[in-house]
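Trainee: Contents of entry35.txt (compact mmCIF, C-alpha atoms) are given next:
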# COMPACT_ATOMS: atom_id res chain seq x y z
CA MET M 5 -51.86 95.31 113.12
CA SER M 6 -49.81 93.26 115.52
CA ARG M 7 -51.16 92.51 118.97
CA ASP M 8 -49.33 92.85 122.22
CA PRO M 9 -48.68 89.34 123.61
CA SER M 10 -49.69 90.62 127.00
CA GLU M 11 -53.20 91.17 125.63
CA GLU M 12 -53.59 87.47 124.65
CA PRO M 13 -56.26 85.74 126.79
CA ALA M 14 -54.77 83.55 129.47
CA LYS M 15 -54.90 79.87 128.63
CA ALA M 16 -56.58 77.57 131.10
CA ALA M 17 -54.01 75.92 133.29
CA LYS M 18 -53.74 72.17 132.76
CA PRO M 19 -53.51 69.91 135.78
CA ASP M 20 -50.03 68.69 136.49
CA LYS M 21 -49.22 65.15 135.39
CA PRO M 22 -48.32 62.65 138.12
CA VAL M 23 -44.65 62.87 138.88
CA ARG M 24 -42.83 59.62 138.15
CA ARG M 25 -40.17 58.76 140.64
CA ARG M 26 -36.77 58.05 139.18
CA GLY M 27 -36.28 54.41 138.27
CA ARG M 28 -39.92 53.48 138.78
CA PRO M 29 -42.31 52.18 136.11
CA ALA M 30 -45.23 54.39 135.04
CA ARG M 31 -47.80 52.03 136.53
CA ALA M 32 -45.85 51.29 139.72
CA GLU M 33 -47.94 53.68 141.79
CA ALA M 34 -51.12 51.78 140.90
CA ALA M 35 -49.48 48.38 141.30
CA GLU M 36 -48.10 49.29 144.70
CA GLY M 37 -51.48 48.87 146.34
CA PRO M 38 -52.04 46.59 149.31
CA GLY M 39 -50.65 43.14 148.68
CA ALA M 40 -48.21 44.02 145.87
CA ARG M 41 -45.20 42.75 147.79
CA GLU M 42 -47.00 39.54 148.73
CA ARG M 43 -48.07 39.00 145.11
CA ILE M 44 -44.49 39.36 143.96
CA LEU M 45 -43.24 36.93 146.60
CA ALA M 46 -45.92 34.38 145.74
CA ALA M 47 -45.11 34.71 142.04
CA ALA M 48 -41.40 34.28 142.78
CA ARG M 49 -42.04 31.05 144.68
CA THR M 50 -44.07 29.69 141.78
CA GLU M 51 -41.59 30.78 139.12
CA PHE M 52 -38.60 29.30 140.95
CA ALA M 53 -40.55 26.09 141.61
CA ASP M 54 -41.66 25.70 137.99
CA ARG M 55 -38.56 26.93 136.18
CA GLY M 56 -35.66 26.56 138.59
CA TYR M 57 -33.20 29.30 139.46
CA ASP M 58 -31.41 29.54 136.10
CA LYS M 59 -34.53 29.92 133.96
CA THR M 60 -36.35 32.32 136.28
CA SER M 61 -35.99 36.05 135.59
CA VAL M 62 -37.02 39.16 137.48
CA ARG M 63 -39.02 40.18 134.42
CA GLY M 64 -40.86 36.85 134.49
CA ILE M 65 -41.61 37.21 138.20
CA GLY M 66 -42.97 40.70 137.62
CA LYS M 67 -45.15 39.51 134.74
CA ALA M 68 -46.54 36.65 136.84
CA ALA M 69 -47.31 39.10 139.66
CA GLY M 70 -48.88 41.64 137.33
CA VAL M 71 -46.30 44.35 138.02
CA ASP M 72 -43.31 45.89 136.26
CA ALA M 73 -39.90 44.31 136.84
CA ALA M 74 -38.74 47.61 138.37
CA LEU M 75 -41.19 47.10 141.21
CA VAL M 76 -39.70 43.68 141.91
CA HIS M 77 -36.27 45.32 142.15
CA HIS M 78 -37.75 48.04 144.36
CA TYR M 79 -39.02 45.56 146.94
CA PHE M 80 -36.37 42.84 146.79
CA GLY M 81 -33.33 44.01 144.83
CA THR M 82 -31.52 41.46 142.69
CA LYS M 83 -32.71 38.07 141.47
CA GLU M 84 -30.54 36.48 144.16
CA GLN M 85 -32.28 38.54 146.84
CA VAL M 86 -35.71 37.66 145.46
CA PHE M 87 -34.72 33.99 145.63
CA ALA M 88 -33.51 34.39 149.22
CA ALA M 89 -36.83 35.95 150.25
CA ALA M 90 -38.81 33.27 148.42
CA ILE M 91 -36.97 30.31 149.92
CA GLU M 92 -37.06 31.82 153.41
CA LEU M 93 -40.83 31.87 153.12
CA SER M 94 -40.88 28.31 151.75
CA PHE M 95 -38.42 27.18 154.42
CA ALA M 96 -40.41 28.79 157.24
CA PRO M 97 -41.94 25.53 158.56
CA ALA M 98 -38.47 24.02 158.98
CA LEU M 99 -37.23 26.99 160.99
CA THR M 100 -39.14 25.75 164.03
CA ILE M 101 -37.16 22.48 164.14
CA PRO M 102 -35.02 23.76 167.07
CA ASP M 103 -38.21 24.27 169.09
CA ALA M 104 -39.36 20.73 168.30
CA ILE M 105 -36.02 19.37 169.48
CA ALA M 106 -36.05 21.41 172.69
CA ASP M 107 -39.63 20.50 173.65
CA GLY M 108 -39.53 17.47 175.91
CA GLY M 109 -35.83 17.62 176.75
CA GLU M 110 -33.14 15.27 175.48
CA ALA M 111 -35.22 12.11 175.70
CA GLY M 112 -36.78 11.39 172.32
CA ALA M 113 -35.11 14.38 170.62
CA GLY M 114 -34.02 12.27 167.66
CA GLU M 115 -37.50 10.92 167.05
CA ARG M 116 -39.07 14.37 167.36
CA MET M 117 -36.61 15.77 164.86
CA ALA M 118 -37.24 12.96 162.37
CA ARG M 119 -41.01 13.23 162.65
CA PHE M 120 -40.96 16.99 162.32
CA VAL M 121 -38.73 17.04 159.23
CA PHE M 122 -40.48 14.20 157.44
CA GLY M 123 -43.83 15.72 158.37
CA ILE M 124 -42.88 18.84 156.40
CA TRP M 125 -41.82 16.75 153.40
CA GLU M 126 -44.96 14.63 153.52
CA ASN M 127 -47.21 17.69 153.55
CA PRO M 128 -48.50 18.29 149.98
CA VAL M 129 -48.49 22.06 150.59
CA SER M 130 -44.93 22.45 151.86
CA ARG M 131 -43.27 19.75 149.72
CA PRO M 132 -43.31 21.47 146.26
CA PRO M 133 -41.46 24.62 147.43
CA LEU M 134 -38.86 22.47 149.19
CA LEU M 135 -38.38 20.38 146.06
CA ALA M 136 -37.84 23.56 144.07
CA ILE M 137 -35.25 24.79 146.57
CA MET M 138 -33.36 21.48 146.50
CA ARG M 139 -33.33 21.29 142.71
CA SER M 140 -32.20 24.88 142.34
CA ALA M 141 -29.39 24.39 144.87
CA LEU M 142 -28.20 21.27 143.05
CA THR M 143 -27.96 23.01 139.67
CA ASN M 144 -26.87 26.55 140.49
CA GLU M 145 -24.04 27.72 142.74
CA THR M 146 -25.71 31.03 143.53
CA ALA M 147 -28.86 29.23 144.68
CA ALA M 148 -26.73 26.81 146.70
CA THR M 149 -24.94 29.70 148.40
CA VAL M 150 -28.22 31.39 149.33
CA LEU M 151 -29.66 28.14 150.70
CA ARG M 152 -26.47 27.33 152.60
CA GLY M 153 -26.51 30.72 154.29
CA LEU M 154 -30.17 30.38 155.27
CA VAL M 155 -29.77 26.87 156.66
CA GLU M 156 -26.65 27.76 158.60
CA ARG M 157 -27.90 31.08 159.96
CA ARG M 158 -31.55 30.35 160.65
CA LEU M 159 -31.54 26.61 161.38
CA LEU M 160 -28.31 24.80 162.25
CA THR M 161 -26.94 27.55 164.51
CA ARG M 162 -30.16 27.43 166.52
CA VAL M 163 -30.18 23.61 166.62
CA ALA M 164 -26.59 23.64 167.87
CA GLY M 165 -27.60 26.11 170.57
CA GLU M 166 -30.02 23.51 171.99
CA LEU M 167 -27.39 20.75 172.20
CA HIS M 168 -25.28 19.93 175.25
CA VAL M 169 -22.61 17.82 173.57
CA PRO M 170 -19.07 18.41 172.31
CA ASP M 171 -18.90 20.03 168.85
CA PRO M 172 -22.59 20.92 168.74
CA GLU M 173 -22.32 22.63 165.31
CA PHE M 174 -20.79 19.48 163.81
CA ARG M 175 -23.44 17.31 165.47
CA ALA M 176 -26.20 19.51 164.09
CA GLN M 177 -24.71 19.19 160.60
CA LEU M 178 -24.47 15.42 160.91
CA ALA M 179 -28.14 15.20 161.84
CA ALA M 180 -29.10 17.53 159.00
CA SER M 181 -27.04 15.61 156.45
CA HIS M 182 -28.69 12.35 157.50
CA LEU M 183 -32.17 13.79 157.00
CA ILE M 184 -31.30 15.61 153.78
CA GLY M 185 -29.86 12.42 152.32
CA ILE M 186 -33.07 10.54 153.02
CA ALA M 187 -35.15 13.41 151.64
CA MET M 188 -33.11 13.37 148.43
CA LEU M 189 -33.65 9.65 147.88
CA ARG M 190 -37.30 9.59 148.93
CA TYR M 191 -38.71 12.84 147.55
CA VAL M 192 -36.32 14.15 144.87
CA ILE M 193 -34.79 11.08 143.20
CA LYS M 194 -37.65 8.80 144.34
CA MET M 195 -35.41 5.78 144.64
CA GLU M 196 -37.06 2.52 145.65
CA PRO M 197 -37.57 1.06 148.16
CA MET M 198 -36.97 4.33 150.04
CA ALA M 199 -39.60 6.24 148.03
CA SER M 200 -42.46 3.95 149.00
CA ALA M 201 -41.24 2.80 152.43
CA ASP M 202 -43.60 3.25 155.36
CA LEU M 203 -42.76 6.51 157.11
CA GLU M 204 -43.03 4.91 160.56
CA GLU M 205 -40.41 2.38 159.56
CA ILE M 206 -38.07 5.12 158.41
CA VAL M 207 -38.55 7.10 161.63
CA ALA M 208 -37.95 4.01 163.76
CA MET M 209 -34.64 3.28 162.03
CA VAL M 210 -33.39 6.87 161.79
CA ALA M 211 -34.37 8.19 165.22
CA PRO M 212 -31.70 6.29 167.25
CA THR M 213 -28.92 7.63 165.02
CA LEU M 214 -30.23 11.18 165.30
CA GLN M 215 -30.52 10.71 169.05
CA ARG M 216 -26.85 9.78 169.20
CA TYR M 217 -25.85 12.82 167.17
CA LEU M 218 -27.91 15.17 169.31
CA THR M 219 -27.36 13.90 172.85
CA GLN M 220 -24.56 11.35 173.30
CA ALA M 221 -21.17 12.79 174.27
What does this structure look like when you write it as structure tokens?

Mentor:
Amino acid sequence: MSRDPSEEPAKAAKPDKPVRRRGRPARAEAAEGPGARERILAAARTEFADRGYDKTSVRGIGKAAGVDAALVHHYFGTKEQVFAAAIELSFAPALTIPDAIADGGEAGAGERMARFVFGIWENPVSRPPLLAIMRSALTNETAATVLRGLVERRLLTRVAGELHVPDPEFRAQLAASHLIGIAMLRYVIKMEPMASADLEEIVAMVAPTLQRYLTQA
């Protein structure tokens, strides 16, 4: 004898499964805990430093941070945008150069700038990320474009704003090119005798030229 379906005992309701948001990995909700963004950014800095721009992938950054690649995209977007965020963090010490130039007025501005920049390069904590940025910019046009935009927007425009000379933007670029050239020889290429020269000797010889760029009409 057939039974009426309505007489079947009601089945126990099962708890609803967690709803996955579109485009998000299954474990994203767990990985999104406090510090996820910082872990991703730290992993990106390390990956770009160790592998360079070309060989670094969003998937690799996610793996190093212990999250899915989709979470990296969620926080930062494209690989280019992850790189921009990573180098801005690495470049943060240099972004206070305009303040170092302004402190104390025009007198000694060139020496202060030289000491500040070389101090960042000499620091064993801040040097590796800067080396990674320089190497990536030299080998990849996308990386170079990102770095150029950061330096122009966050550094040279502010330096130029502190100068009271004709063509302040050009003067700021001249000063930057002088320091970058020395940094390339001393820290990237490690060309002798520049690589092992006493830092005080370098500052003493470079400071007057920087002073002329920054202050002399």

Trainee: With a cut-off of 12 Å, could you pull out the residues of segment 81-159 of chain M touching segment 174-180 of chain M and give me the nearest pair of atoms for each, distance in Å to one decimal, using all atoms listed in the file, ordered by chain and ascending number, as CSV?

Mentor:
residue,atom,partner,partner_atom,distance
M:Ala98,CA,M:Ala180,CA,11.4
M:Ile101,CA,M:Ala180,CA,10.8
M:Pro102,CA,M:Ala176,CA,10.2
M:Ile105,CA,M:Ala176,CA,11.2
M:Ala113,CA,M:Ala179,CA,11.2
M:Gly114,CA,M:Ala179,CA,8.8
M:Glu115,CA,M:Ala179,CA,11.5
M:Met117,CA,M:Ala179,CA,9.0
M:Ala118,CA,M:Ala179,CA,9.4
M:Val121,CA,M:Ala180,CA,9.6
M:Phe122,CA,M:Ala180,CA,12.0
M:Arg152,CA,M:Gln177,CA,11.5
M:Val155,CA,M:Ala180,CA,9.7
M:Glu156,CA,M:Gln177,CA,9.0
M:Leu159,CA,M:Ala176,CA,9.3

Trainee: I'd like the interatomic distance between atom CA of Glu110 of chain M and atom CA of Ser181 of chain M, to a tenth of an Å.

Mentor: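 According to the coordinates, atom CA of Glu110 of chain M and atom CA of Ser181 of chain M are separated by 20.0 Å.
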
Trainee: Rank nothing, just name the residue among M:Thr213, M:Ala147, M:Arg131, M:His168 nearest to Ala187 of chain M, using all atoms listed in the file.

Mentor: M:Arg131

Trainee: Which protein, DNA or RNA residues have an atom at most 9 Å from (-33.2, 22.7, 144.6), counting all atoms listed in the file? List them as a list in words.

Mentor: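 Answer for this query, in the requested form: Ala53, Gly56, Tyr57, Pro133, Leu134, Leu135, Ala136, Ile137, Met138, Arg139, Ser140, Ala141, Leu142, Thr143, Asn144, Ala147, Ala148 and Leu151 of chain M.
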
Trainee: Smallest atom-to-atom distance to Ala89 of chain M: which of M:Val76, M:Ile193, M:Val71, M:Ile124, using only C-alpha atoms?

Mentor: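 Of all the options, M:Val76 lies closest to Ala89 of chain M.
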
Trainee: From the set M:Val62, M:Ala96, M:Ala73, M:Ala90, which residue has the shortest atom-to-atom contact distance to Glu42 of chain M, counting only C-alpha atoms?

Mentor: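 Checking each candidate against Glu42 of chain M, we get M:Ala90 as the closest.
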
Trainee: Using only C-alpha atoms for the distances, tell me which of M:Gly66, M:Pro212, M:Pro197, M:Gly123 is nearest to Ile44 of chain M.

Mentor: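 So, comparing all the options, the nearest one is M:Gly66.
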
Trainee: Neighbours of Val169 of chain M within 8 Å (all atoms listed in the file; same-chain residues fewer than 5 positions away dropped), as a compact mmCIF listing (two decimals) with C-alpha atoms, in the coordinates of the input?

Mentor:
# COMPACT_ATOMS: atom_id res chain seq x y z
CA LEU M 218 -27.91 15.17 169.31
CA THR M 219 -27.36 13.90 172.85
CA GLN M 220 -24.56 11.35 173.30
CA ALA M 221 -21.17 12.79 174.27

Trainee: Would you save segment 130-198 of chain M from the block above with C-alpha atoms, as a PDB file, in the first residue's frame?

Mentor:
ATOM      1  CA  SER M 130      66.494  49.167   4.235  1.00  0.00           C
ATOM      2  CA  ARG M 131      69.180  48.307   1.649  1.00  0.00           C
ATOM      3  CA  PRO M 132      67.881  44.898   0.388  1.00  0.00           C
ATOM      4  CA  PRO M 133      64.403  46.190  -0.580  1.00  0.00           C
ATOM      5  CA  LEU M 134      65.980  49.155  -2.381  1.00  0.00           C
ATOM      6  CA  LEU M 135      68.334  46.836  -4.257  1.00  0.00           C
ATOM      7  CA  ALA M 136      65.355  44.752  -5.329  1.00  0.00           C
ATOM      8  CA  ILE M 137      63.523  47.852  -6.563  1.00  0.00           C
ATOM      9  CA  MET M 138      66.533  49.057  -8.557  1.00  0.00           C
ATOM     10  CA  ARG M 139      67.147  45.664 -10.154  1.00  0.00           C
ATOM     11  CA  SER M 140      63.505  45.220 -11.070  1.00  0.00           C
ATOM     12  CA  ALA M 141      63.339  48.698 -12.616  1.00  0.00           C
ATOM     13  CA  LEU M 142      66.452  48.011 -14.681  1.00  0.00           C
ATOM     14  CA  THR M 143      65.093  44.777 -16.156  1.00  0.00           C
ATOM     15  CA  ASN M 144      61.368  45.402 -16.549  1.00  0.00           C
ATOM     16  CA  GLU M 145      59.596  48.377 -18.103  1.00  0.00           C
ATOM     17  CA  THR M 146      56.464  47.918 -16.021  1.00  0.00           C
ATOM     18  CA  ALA M 147      58.516  47.983 -12.818  1.00  0.00           C
ATOM     19  CA  ALA M 148      60.399  51.033 -14.106  1.00  0.00           C
ATOM     20  CA  THR M 149      57.120  52.829 -14.812  1.00  0.00           C
ATOM     21  CA  VAL M 150      55.786  52.102 -11.327  1.00  0.00           C
ATOM     22  CA  LEU M 151      59.019  53.286  -9.695  1.00  0.00           C
ATOM     23  CA  ARG M 152      59.183  56.396 -11.869  1.00  0.00           C
ATOM     24  CA  GLY M 153      55.664  57.373 -10.892  1.00  0.00           C
ATOM     25  CA  LEU M 154      56.366  56.864  -7.192  1.00  0.00           C
ATOM     26  CA  VAL M 155      59.619  58.828  -7.240  1.00  0.00           C
ATOM     27  CA  GLU M 156      58.107  61.681  -9.215  1.00  0.00           C
ATOM     28  CA  ARG M 157      54.851  61.900  -7.269  1.00  0.00           C
ATOM     29  CA  ARG M 158      55.975  61.190  -3.726  1.00  0.00           C
ATOM     30  CA  LEU M 159      59.573  62.437  -3.712  1.00  0.00           C
ATOM     31  CA  LEU M 160      60.832  64.788  -6.420  1.00  0.00           C
ATOM     32  CA  THR M 161      57.691  66.940  -6.531  1.00  0.00           C
ATOM     33  CA  ARG M 162      58.008  67.503  -2.788  1.00  0.00           C
ATOM     34  CA  VAL M 163      61.757  68.183  -3.016  1.00  0.00           C
ATOM     35  CA  ALA M 164      61.119  70.738  -5.760  1.00  0.00           C
ATOM     36  CA  GLY M 165      58.521  72.392  -3.544  1.00  0.00           C
ATOM     37  CA  GLU M 166      61.233  73.118  -0.962  1.00  0.00           C
ATOM     38  CA  LEU M 167      63.581  74.789  -3.465  1.00  0.00           C
ATOM     39  CA  HIS M 168      63.768  78.515  -4.192  1.00  0.00           C
ATOM     40  CA  VAL M 169      65.691  78.374  -7.465  1.00  0.00           C
ATOM     41  CA  PRO M 170      64.789  78.551 -11.157  1.00  0.00           C
ATOM     42  CA  ASP M 171      63.557  75.233 -12.612  1.00  0.00           C
ATOM     43  CA  PRO M 172      63.177  73.532  -9.233  1.00  0.00           C
ATOM     44  CA  GLU M 173      61.847  70.271 -10.767  1.00  0.00           C
ATOM     45  CA  PHE M 174      64.912  70.007 -13.005  1.00  0.00           C
ATOM     46  CA  ARG M 175      67.215  70.804 -10.077  1.00  0.00           C
ATOM     47  CA  ALA M 176      65.558  68.111  -7.974  1.00  0.00           C
ATOM     48  CA  GLN M 177      66.071  65.597 -10.785  1.00  0.00           C
ATOM     49  CA  LEU M 178      69.725  66.568 -11.157  1.00  0.00           C
ATOM     50  CA  ALA M 179      70.309  65.985  -7.458  1.00  0.00           C
ATOM     51  CA  ALA M 180      68.465  62.668  -7.576  1.00  0.00           C
ATOM     52  CA  SER M 181      70.376  61.481 -10.644  1.00  0.00           C
ATOM     53  CA  HIS M 182      73.686  62.283  -8.948  1.00  0.00           C
ATOM     54  CA  LEU M 183      72.776  60.221  -5.890  1.00  0.00           C
ATOM     55  CA  ILE M 184      71.228  57.373  -7.868  1.00  0.00           C
ATOM     56  CA  GLY M 185      74.351  57.118 -10.011  1.00  0.00           C
ATOM     57  CA  ILE M 186      76.541  56.771  -6.948  1.00  0.00           C
ATOM     58  CA  ALA M 187      74.142  54.252  -5.411  1.00  0.00           C
ATOM     59  CA  MET M 188      74.276  52.165  -8.588  1.00  0.00           C
ATOM     60  CA  LEU M 189      78.072  52.039  -8.596  1.00  0.00           C
ATOM     61  CA  ARG M 190      78.495  51.551  -4.858  1.00  0.00           C
ATOM     62  CA  TYR M 191      75.629  49.230  -3.905  1.00  0.00           C
ATOM     63  CA  VAL M 192      74.324  47.552  -7.080  1.00  0.00           C
ATOM     64  CA  ILE M 193      77.341  47.124  -9.380  1.00  0.00           C
ATOM     65  CA  LYS M 194      79.837  47.384  -6.487  1.00  0.00           C
ATOM     66  CA  MET M 195      82.483  49.012  -8.614  1.00  0.00           C
ATOM     67  CA  GLU M 196      85.795  49.781  -6.943  1.00  0.00           C
ATOM     68  CA  PRO M 197      87.018  52.080  -5.559  1.00  0.00           C
ATOM     69  CA  MET M 198      83.503  53.499  -5.085  1.00  0.00           C
TER      70      MET M 198
END
